[in-house]
Each structure stands twice: as C-alpha cells, then as structure tokens.
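**Student:** Input: one structure, supplied below.
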Amino acid sequence: MAPKAKKPAATPAKSAAPKTSKAAAKAAAPPKVDAGVVKAKEKALRAKKSVVRGTHDKKNRKIRTSVHFRRPKTLKLPRAPKYPRKSVNKTNKLDQYCLIKYPLTTESAMKKIEDNNTLVFIVDKRANKPMIKMAVKKLYDIEVAKVNTLIRPDCEKKAYVRIAPDYDALDIANKVCCD
Amino acid sequence: AKVKAKELRGKKKEELLKQLDDLKKELQILRVAKVTGGAAAKLGKIYTVRKSVARVLTVIKQTQKDNLRKFYRKKTHKPKDLRQKKTRALRRALTPYELSLKSKKELRKQRLYPLRKYAVKE
C-alpha cells in the first residue's frame, strides 16, 4: 500500500513539474504557430479516436413512395466503335438499270401503249412499285401516274406503268425501241 | 471498243463510275433491241458489254480495297475483313509472344541446366 500511495503522490508532482515547464515553453513560442500546432494535434487525435471507435452515424434511408422497385436509369453511352466492322458497305446491286429489264413488245402491250397511255415492262422480281416508278422516271424522264404489277407464270414480273397524261406513251415507246 | 482492265486502273473513281453508267445504258439499249428484233451485231455485243461492266466493277472494288488496306496498314484496329483470314482456330490460337512466355521455374531450370555440347576426342 505504501509504494502505491507514494506513486500517485510522485506522479502528480512529476506531471505538474513538466507540465508547467511545457506551458512556459509553449507560452514562450510565438502564438500563431502555437494555435496551428494545437489544432493539428486535436484533429489528429479526433481522427485516431474515430478510427479506433468506428463511426456509427445515422444511416440515410431513402424514402420509398411506391411498393414496386423500378430499375434505376443508368448512363447509356452511344456507340463509338474503334473500327468499322466492315471496311466497305455493300453497294446497291439492284440499281435502276437492273430493275427494268426490257419493255414488252407483244400485241397486247402495244394496245396498252396506244389506248391506255401505259408502258409495259419486264421488271426484276425483287422490284416493288415505288422502285419501279422511280426507275422509269430516271431512265426516261417522264412522270408516272401509277404502276400495276403481276408475276407471270414463268416467274418474271410484269409492270404496267401508266404515264401521266401530259406525256405520250407512243412517243416514248418509239424513242426507246428505235434508239 | 474493248474495255481493258489495264486502262481502267489508272482512272479516277468518278471516271470509272461514269463509264459504268454509260455501259449500263448501252446494255439496256441492247436488251431492248433483243426484244424488238435487233441485228445480229447488236445481239452479239450484249456479251462484251456485260463483261465490260464486270471488269469496271472489279477494278473499282479492287482499288477501293487496296486504298483501304493502305489506310489501315499502321493502325491497330482494322476492320474484320482486312485482317488475316487464316482459320477460326488459328485466329484464336496463342500469339508467338504468348507462346514464348516462360514461368520463373522454367527460366531457372534453363539457366541452371543448359544444353551442353560434348565432343569426343579423337
């Protein structure tokens, strides 16, 4: 008991002595540095404390206003390829020249030209009416009223191209076949 | 006029495309002639014009591909049709660098126990 009693008695005395000296030294040092040093020391001690104890602050829970969970919208970047997959894109193999193969020159076709102001063409099977219209316009510089198509029994597509009334099918037919 | 590929290769793209257009127009006229009972000379010409069209298209495509290959020569990422075709398995095989990699253990063995050459003294 005796040594223990002595120790506490000794330590306050010891601590008192260095403390006072320290205080004196601190006071002696310039005040600006003193404040900065003290602050930094406090900060460090606080950080150490929080690390040792662990932070147990309140968790911010989101307020859910609906029963359903909806997928959150994330960032969707547009494509920016580093290289094109194909070096060259395919050319259109079915151009106006391939579309319209040749005009028909049968008797019924001739009748159509005279009576109904229409031209009759044999056309590629993959052609459709708007394509035929555009092709005839480009090739013969005429206005087309409408196009009717059918597929013949020998698997060829026949197109009846009715021409606008301000053009004459007979003229065009003569120009086409006698060139 | 016979269209020769050698003459075509010097031309520019616009010229080639224009020539292609002209040839196709001619082909159309010939096909119409075929239907309306044309002369034998015209009908025979269909074949040559068809082949000329093919020749022009070939030259266009070849020069285009060639230019693209030149453009992508130094680049790391090339379009897939400009890369080596080889075979599917070969394309997925280890590269020569990857094959040459050795483990530390192997390197150590090589260093410690190299292949020795012996000679018999006559």
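In the structure tokens, chains take letters A, B, ... by order of appearance, with residues numbered from 1 within each chain and ligands from 1 in the order shown.
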Show me, as a ChimeraX atom specification, the residues that have an atom within 10 Å of segment 38-52 of chain B when counting only C-alpha atoms, minus same-chain residues fewer than 6 positions from it.
**Tutor:** /A:177-178 /B:1-5,19-20,23-24,26-32,58
**Student:** Can you write just those residues out, C-alpha atoms, as a PDB file, in the first residue's frame?
**Tutor:**
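Final output, saved to part_30.pdb:
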```pdb
ATOM      1  CA  CYS A 177     -37.037   0.995-129.203  1.00  0.00           C
ATOM      2  CA  CYS A 178     -35.645   2.850-132.189  1.00  0.00           C
TER       3      CYS A 178
ATOM      4  CA  ALA B   1     -14.208  -0.702-128.250  1.00  0.00           C
ATOM      5  CA  LYS B   2     -12.832  -3.337-125.956  1.00  0.00           C
ATOM      6  CA  VAL B   3     -12.577  -2.229-122.342  1.00  0.00           C
ATOM      7  CA  LYS B   4      -9.269  -3.323-120.866  1.00  0.00           C
ATOM      8  CA  ALA B   5      -8.608  -3.551-117.161  1.00  0.00           C
ATOM      9  CA  GLN B  19     -18.021   4.732-117.599  1.00  0.00           C
ATOM     10  CA  LEU B  20     -20.009   2.165-115.656  1.00  0.00           C
ATOM     11  CA  LEU B  23     -22.002   0.831-120.225  1.00  0.00           C
ATOM     12  CA  LYS B  24     -25.143   0.016-118.310  1.00  0.00           C
ATOM     13  CA  GLU B  26     -25.742   0.677-123.564  1.00  0.00           C
ATOM     14  CA  LEU B  27     -26.687  -2.683-122.128  1.00  0.00           C
ATOM     15  CA  GLN B  28     -30.257  -1.505-121.640  1.00  0.00           C
ATOM     16  CA  ILE B  29     -30.466  -0.374-125.257  1.00  0.00           C
ATOM     17  CA  LEU B  30     -29.119  -3.713-126.433  1.00  0.00           C
ATOM     18  CA  ARG B  31     -31.631  -5.631-124.374  1.00  0.00           C
ATOM     19  CA  VAL B  32     -34.458  -3.607-125.859  1.00  0.00           C
ATOM     20  CA  THR B  58     -13.929  -5.328-110.428  1.00  0.00           C
TER      21      THR B  58
END
```
**Student:** With only C-alpha atoms considered, list every residue of chain A at most 6 Å from chain B, as a PyMOL selection string.
**Tutor:** chain A and resi 83-87+102
**Student:** Keeping all heavy atoms for every residue in the selection just given, could you write it to a file as a PDB file, in the first residue's frame?
**Tutor:**
```pdb
ATOM      1  N   TYR A  83     -13.225   0.700 -84.785  1.00  0.00           N
ATOM      2  CA  TYR A  83     -13.012   0.377 -86.187  1.00  0.00           C
ATOM      3  C   TYR A  83     -14.341  -0.061 -86.765  1.00  0.00           C
ATOM      4  O   TYR A  83     -15.153  -0.655 -86.048  1.00  0.00           O
ATOM      5  CB  TYR A  83     -11.959  -0.710 -86.336  1.00  0.00           C
ATOM      6  CG  TYR A  83     -12.339  -2.028 -85.705  1.00  0.00           C
ATOM      7  CD1 TYR A  83     -12.942  -3.023 -86.469  1.00  0.00           C
ATOM      8  CD2 TYR A  83     -12.086  -2.287 -84.373  1.00  0.00           C
ATOM      9  CE1 TYR A  83     -13.295  -4.240 -85.897  1.00  0.00           C
ATOM     10  CE2 TYR A  83     -12.443  -3.490 -83.798  1.00  0.00           C
ATOM     11  CZ  TYR A  83     -13.040  -4.463 -84.556  1.00  0.00           C
ATOM     12  OH  TYR A  83     -13.376  -5.650 -83.991  1.00  0.00           O
ATOM     13  N   PRO A  84     -14.595   0.237 -88.034  1.00  0.00           N
ATOM     14  CA  PRO A  84     -15.818  -0.274 -88.646  1.00  0.00           C
ATOM     15  C   PRO A  84     -15.695  -1.774 -88.844  1.00  0.00           C
ATOM     16  O   PRO A  84     -14.627  -2.268 -89.188  1.00  0.00           O
ATOM     17  CB  PRO A  84     -15.875   0.458 -89.989  1.00  0.00           C
ATOM     18  CG  PRO A  84     -14.479   0.810 -90.278  1.00  0.00           C
ATOM     19  CD  PRO A  84     -13.780   0.993 -88.978  1.00  0.00           C
ATOM     20  N   ARG A  85     -16.781  -2.496 -88.608  1.00  0.00           N
ATOM     21  CA  ARG A  85     -16.696  -3.966 -88.711  1.00  0.00           C
ATOM     22  C   ARG A  85     -16.466  -4.363 -90.156  1.00  0.00           C
ATOM     23  O   ARG A  85     -15.688  -5.246 -90.461  1.00  0.00           O
ATOM     24  CB  ARG A  85     -17.967  -4.627 -88.183  1.00  0.00           C
ATOM     25  CG  ARG A  85     -18.331  -4.211 -86.801  1.00  0.00           C
ATOM     26  CD  ARG A  85     -17.308  -4.560 -85.785  1.00  0.00           C
ATOM     27  NE  ARG A  85     -17.142  -3.475 -84.854  1.00  0.00           N
ATOM     28  CZ  ARG A  85     -16.423  -3.496 -83.760  1.00  0.00           C
ATOM     29  NH1 ARG A  85     -15.757  -4.567 -83.439  1.00  0.00           N
ATOM     30  NH2 ARG A  85     -16.351  -2.454 -82.976  1.00  0.00           N
ATOM     31  N   LYS A  86     -17.187  -3.674 -91.061  1.00  0.00           N
ATOM     32  CA  LYS A  86     -16.957  -3.930 -92.483  1.00  0.00           C
ATOM     33  C   LYS A  86     -16.171  -2.757 -93.038  1.00  0.00           C
ATOM     34  O   LYS A  86     -16.503  -1.614 -92.768  1.00  0.00           O
ATOM     35  CB  LYS A  86     -18.304  -3.946 -93.225  1.00  0.00           C
ATOM     36  CG  LYS A  86     -19.062  -5.199 -93.123  1.00  0.00           C
ATOM     37  CD  LYS A  86     -20.278  -5.091 -94.035  1.00  0.00           C
ATOM     38  CE  LYS A  86     -21.036  -6.367 -94.044  1.00  0.00           C
ATOM     39  NZ  LYS A  86     -22.212  -6.250 -94.901  1.00  0.00           N
ATOM     40  N   SER A  87     -15.162  -3.045 -93.847  1.00  0.00           N
ATOM     41  CA  SER A  87     -14.398  -1.929 -94.389  1.00  0.00           C
ATOM     42  C   SER A  87     -15.215  -1.155 -95.405  1.00  0.00           C
ATOM     43  O   SER A  87     -15.172   0.066 -95.434  1.00  0.00           O
ATOM     44  CB  SER A  87     -13.108  -2.432 -95.033  1.00  0.00           C
ATOM     45  OG  SER A  87     -13.414  -3.392 -96.014  1.00  0.00           O
ATOM     46  N   TYR A 102     -36.510  -5.042-119.699  1.00  0.00           N
ATOM     47  CA  TYR A 102     -36.805  -4.620-121.074  1.00  0.00           C
ATOM     48  C   TYR A 102     -38.300  -4.377-121.204  1.00  0.00           C
ATOM     49  O   TYR A 102     -39.085  -4.904-120.416  1.00  0.00           O
ATOM     50  CB  TYR A 102     -36.339  -5.666-122.087  1.00  0.00           C
ATOM     51  CG  TYR A 102     -36.755  -7.078-121.765  1.00  0.00           C
ATOM     52  CD1 TYR A 102     -37.980  -7.588-122.172  1.00  0.00           C
ATOM     53  CD2 TYR A 102     -35.907  -7.926-121.050  1.00  0.00           C
ATOM     54  CE1 TYR A 102     -38.359  -8.883-121.861  1.00  0.00           C
ATOM     55  CE2 TYR A 102     -36.275  -9.208-120.736  1.00  0.00           C
ATOM     56  CZ  TYR A 102     -37.500  -9.684-121.144  1.00  0.00           C
ATOM     57  OH  TYR A 102     -37.863 -10.974-120.833  1.00  0.00           O
TER      58      TYR A 102
END
```
**Student:** Figure out the distance between atom CA of Leu8 of chain B and atom CA of Asp95 of chain A, please, to one decimal in Å.
**Tutor:**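 So the answer is 22.0 Å.
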**Student:** Which polymer residues have any atom within 12 Å of an atom of Asp171 of chain A, counting only C-alpha atoms, with same-chain residues fewer than 2 positions away left out, as a PyMOL selection string?
**Tutor:** chain A and resi 113-114+117-119+140+142+163+166-169+173-178
